[in-house]
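Just below is one structure, and these are the notes that go with it.
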Amino acid sequence: NAGVTQTPKFQVLKTGQSMTLQCAQDMNHEYMSWYRQDPGMGLRLIHYSVGAGITDQGEVPNGYNVSRSTTEDFPLRLLSAAPSQTSVYFCASRPGGAGGELFFGEGSRLTVL
Amino acid sequence: AQSVTQPDIHITVSEGASLELRCNYSYGATPYLFWYVQSPGQGLQLLLKYFSGDTLVQGIKGFEAEFKRSQSSFNLRKPSVHWSDAAEYFCAVGGVTGGGNKLTFGTGTQLKVEL
């Protein structure tokens, strides 16, 4: 019963380094998304996808890239990490259409020095 | 643009006392409304959701919420709080318009339960 799986759970980067946060879901959900969570700011949407080959920007997309080559996977790429990207990142998925329940991964804590 | 306001950053209640967490939303059409709970170091879990119909919605763990369109509110309630309810609670809004694929979250309310 895996649900939404995120890796890694913890990562420390130096400024300017690149990395990819992995997200996989086994529920055949069409919709997938990435949020970042910062103290006092709740969850903010970075990017989302309504199906394979389709992605769109959320509220805070700068500094992040995504792709959706399969229904199952939705990786988040940081091309040149900055200290402002220190955060906890959550991947979430749900069935297609509006309004469905989002299922969340357990989060990835990223620190950029 | 859709938005959610949770005016209480922190709330402390005694175990066994009643609880109400406030949520106000802004949305241009009929909203979908959600309450999620997050325990420390964990992802978010859905407590309940409102799509349409009865404005009083029952959820898991004894929680309920009432949708009041006239007040643009969706407050979360529990008649008797348990120590295990200590967590952070998030209200969220989405809908069927072009923004419906985006779920917007409030900034959260941290609940502390005193024994």
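A note on labels: chains of the structure tokens are A, B, ... as shown, every chain counts residues from 1, and ligands are counted from 1 in their shown order.
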
Write out as a count of residues only the residues lying within 8 Å of Leu79 in chain A, counting only C-alpha atoms and excluding same-chain residues fewer than 6 positions away.
7

How close does chain A get to chain B? List, as a Markdown table, each residue of chain A within 12 Å, its nearest atom pair and the distance in Å to one decimal, counting only C-alpha atoms.
| residue | atom | partner | partner_atom | distance |
| --- | --- | --- | --- | --- |
| A:Gly3 | CA | B:Gly43 | CA | 11.8 |
| A:Val4 | CA | B:Gly43 | CA | 10.1 |
| A:Thr5 | CA | B:Gly43 | CA | 10.9 |
| A:Gln6 | CA | B:Gly43 | CA | 10.7 |
| A:Lys9 | CA | B:Gly41 | CA | 10.4 |
| A:Phe10 | CA | B:Gly41 | CA | 11.5 |
| A:Glu30 | CA | B:Asn101 | CA | 11.1 |
| A:Tyr31 | CA | B:Asn101 | CA | 8.2 |
| A:Met32 | CA | B:Asn101 | CA | 9.8 |
| A:Ser33 | CA | B:Lys102 | CA | 8.8 |
| A:Trp34 | CA | B:Lys102 | CA | 10.8 |
| A:Tyr35 | CA | B:Phe105 | CA | 10.1 |
| A:Arg36 | CA | B:Phe105 | CA | 11.2 |
| A:Gln37 | CA | B:Thr107 | CA | 9.4 |
| A:Asp38 | CA | B:Thr107 | CA | 9.2 |
| A:Pro39 | CA | B:Thr107 | CA | 8.4 |
| A:Gly40 | CA | B:Thr107 | CA | 5.9 |
| A:Met41 | CA | B:Thr107 | CA | 4.9 |
| A:Gly42 | CA | B:Thr107 | CA | 3.8 |
| A:Leu43 | CA | B:Phe105 | CA | 5.9 |
| A:Arg44 | CA | B:Phe105 | CA | 7.2 |
| A:Leu45 | CA | B:Thr104 | CA | 7.6 |
| A:Ile46 | CA | B:Lys102 | CA | 10.3 |
| A:His47 | CA | B:Lys102 | CA | 9.5 |
| A:Tyr48 | CA | B:Lys102 | CA | 8.0 |
| A:Ser49 | CA | B:Asn101 | CA | 8.9 |
| A:Val50 | CA | B:Asn101 | CA | 7.8 |
| A:Gly51 | CA | B:Asn101 | CA | 11.5 |
| A:Thr55 | CA | B:Asn101 | CA | 11.4 |
| A:Asp56 | CA | B:Asn101 | CA | 10.2 |
| A:Gln57 | CA | B:Lys102 | CA | 9.9 |
| A:Gly58 | CA | B:Lys102 | CA | 7.6 |
| A:Glu59 | CA | B:Thr104 | CA | 9.3 |
| A:Val88 | CA | B:Gly41 | CA | 9.8 |
| A:Tyr89 | CA | B:Gly43 | CA | 9.8 |
| A:Phe90 | CA | B:Gly43 | CA | 7.4 |
| A:Cys91 | CA | B:Gly43 | CA | 9.2 |
| A:Ala92 | CA | B:Leu44 | CA | 9.3 |
| A:Ser93 | CA | B:Asn101 | CA | 11.1 |
| A:Arg94 | CA | B:Asn101 | CA | 10.1 |
| A:Pro95 | CA | B:Asn101 | CA | 10.8 |
| A:Gly96 | CA | B:Asn101 | CA | 8.8 |
| A:Gly97 | CA | B:Asn101 | CA | 7.4 |
| A:Ala98 | CA | B:Gly100 | CA | 5.2 |
| A:Gly99 | CA | B:Gly95 | CA | 5.7 |
| A:Gly100 | CA | B:Tyr32 | CA | 8.7 |
| A:Glu101 | CA | B:Leu46 | CA | 7.3 |
| A:Leu102 | CA | B:Leu46 | CA | 7.8 |
| A:Phe103 | CA | B:Gln45 | CA | 7.4 |
| A:Phe104 | CA | B:Gly43 | CA | 5.7 |
| A:Gly105 | CA | B:Gly43 | CA | 5.7 |
| A:Glu106 | CA | B:Gly43 | CA | 4.3 |
| A:Gly107 | CA | B:Gly43 | CA | 6.1 |
| A:Ser108 | CA | B:Gly43 | CA | 9.8 |
| A:Arg109 | CA | B:Gly41 | CA | 9.6 |

Distance in Å - CA of Ser70 in chain B versus CA of His10 in chain B:
25.9 Å

Please identify all polymer residues within 9 Å of Asn24 in chain B, counting only C-alpha atoms, omitting same-chain residues fewer than 4 positions from it, and present them as a compact mmCIF listing (two decimals) with N, CA and C atoms, in the first residue's frame.
# COMPACT_ATOMS: atom_id res chain seq x y z
N SER B 3 -8.14 32.20 -2.14
CA SER B 3 -7.29 32.33 -0.96
C SER B 3 -8.00 31.77 0.26
N VAL B 4 -7.21 31.47 1.27
CA VAL B 4 -7.73 30.94 2.53
C VAL B 4 -7.07 31.68 3.68
N THR B 5 -7.86 32.06 4.66
CA THR B 5 -7.34 32.70 5.85
C THR B 5 -7.67 31.87 7.08
N GLN B 6 -6.63 31.54 7.82
CA GLN B 6 -6.81 30.91 9.11
C GLN B 6 -6.29 31.91 10.14
N PRO B 7 -7.18 32.60 10.82
CA PRO B 7 -6.74 33.73 11.65
C PRO B 7 -5.99 33.35 12.91
N GLN B 71 -20.98 33.73 5.05
CA GLN B 71 -19.82 34.21 5.81
C GLN B 71 -18.50 33.77 5.18
N SER B 72 -18.57 33.06 4.06
CA SER B 72 -17.36 32.52 3.41
C SER B 72 -16.49 31.80 4.43
N SER B 73 -17.14 30.95 5.22
CA SER B 73 -16.39 30.27 6.28
C SER B 73 -16.60 28.76 6.21
N PHE B 74 -15.66 28.08 6.78
CA PHE B 74 -15.70 26.60 6.84
C PHE B 74 -14.96 26.21 8.11
N ASN B 75 -15.56 26.45 9.25
CA ASN B 75 -14.91 26.22 10.54
C ASN B 75 -14.96 24.76 10.95
N CYS B 91 -6.73 24.40 6.41
CA CYS B 91 -7.92 24.53 5.61
C CYS B 91 -7.49 24.79 4.16
N GLY B 106 -4.46 27.38 3.59
CA GLY B 106 -4.21 28.43 4.56
C GLY B 106 -2.85 28.21 5.22

Which residue, A:Ala2, A:Val66, A:Ile54, A:Leu110, has the smallest gap to Gln25 in chain A when you use only C-alpha atoms?
A:Ala2

When you draw a straight line from CA of Leu113 in chain A to CA of Val12 in chain A, how long is it in Å?
7.4 Å

DSSP on the backbone: which residues in range 55-90 of chain B end up as strand (DSSP E or B)? Give the answer as a list in words.
Leu56, Val57, Gln58, Glu64, Ala65, Glu66, Phe67, Lys68, Ser73, Phe74, Asn75, Leu76, Arg77, Lys78, Ala87, Glu88, Tyr89 and Phe90 of chain B

By how many Å are CA of Thr12 in chain B and CA of Thr55 in chain B apart?
26.8 Å

Give me, as a ChimeraX atom specification, all polymer residues having an atom no more than 8 Å from Trp83 in chain B, counting only C-alpha atoms and skipping those fewer than 6 positions away in the same chain.
/B:15,113-115

Please write the residues from the selection above to a file, keeping N, CA, C and O atoms, as a short mmCIF file (atom, residue, chain, number, x, y, z; two decimals), in the first residue's frame.
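Wrote it out as out18.cif, contents follow:
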data_model
loop_
_atom_site.label_atom_id
_atom_site.label_comp_id
_atom_site.auth_asym_id
_atom_site.auth_seq_id
_atom_site.Cartn_x
_atom_site.Cartn_y
_atom_site.Cartn_z
N GLU B 15 -7.68 19.10 27.41
CA GLU B 15 -8.26 17.83 26.97
C GLU B 15 -9.69 17.72 27.49
O GLU B 15 -9.98 18.02 28.65
N VAL B 113 -2.75 20.68 23.10
CA VAL B 113 -3.75 20.15 24.03
C VAL B 113 -3.10 19.99 25.40
O VAL B 113 -2.09 19.28 25.54
N GLU B 114 -3.66 20.65 26.38
CA GLU B 114 -3.16 20.55 27.75
C GLU B 114 -3.88 19.44 28.49
O GLU B 114 -5.11 19.33 28.42
N LEU B 115 -3.10 18.64 29.17
CA LEU B 115 -3.67 17.51 29.91
C LEU B 115 -4.22 17.94 31.27
O LEU B 115 -3.81 18.97 31.81
#

Tell me which protein, DNA and RNA residues are within 7 Å of Leu21 in chain A, counting only C-alpha atoms, leaving out same-chain ones fewer than 5 positions away, and put them as an NGL selection string.
:A and (7-8 or 75-77)

Considering only C-alpha atoms, state which residue in the set B:Leu19, B:Gln38, B:Gly53, B:Ala1 is at the smallest distance from Pro79 in chain B.
B:Leu19
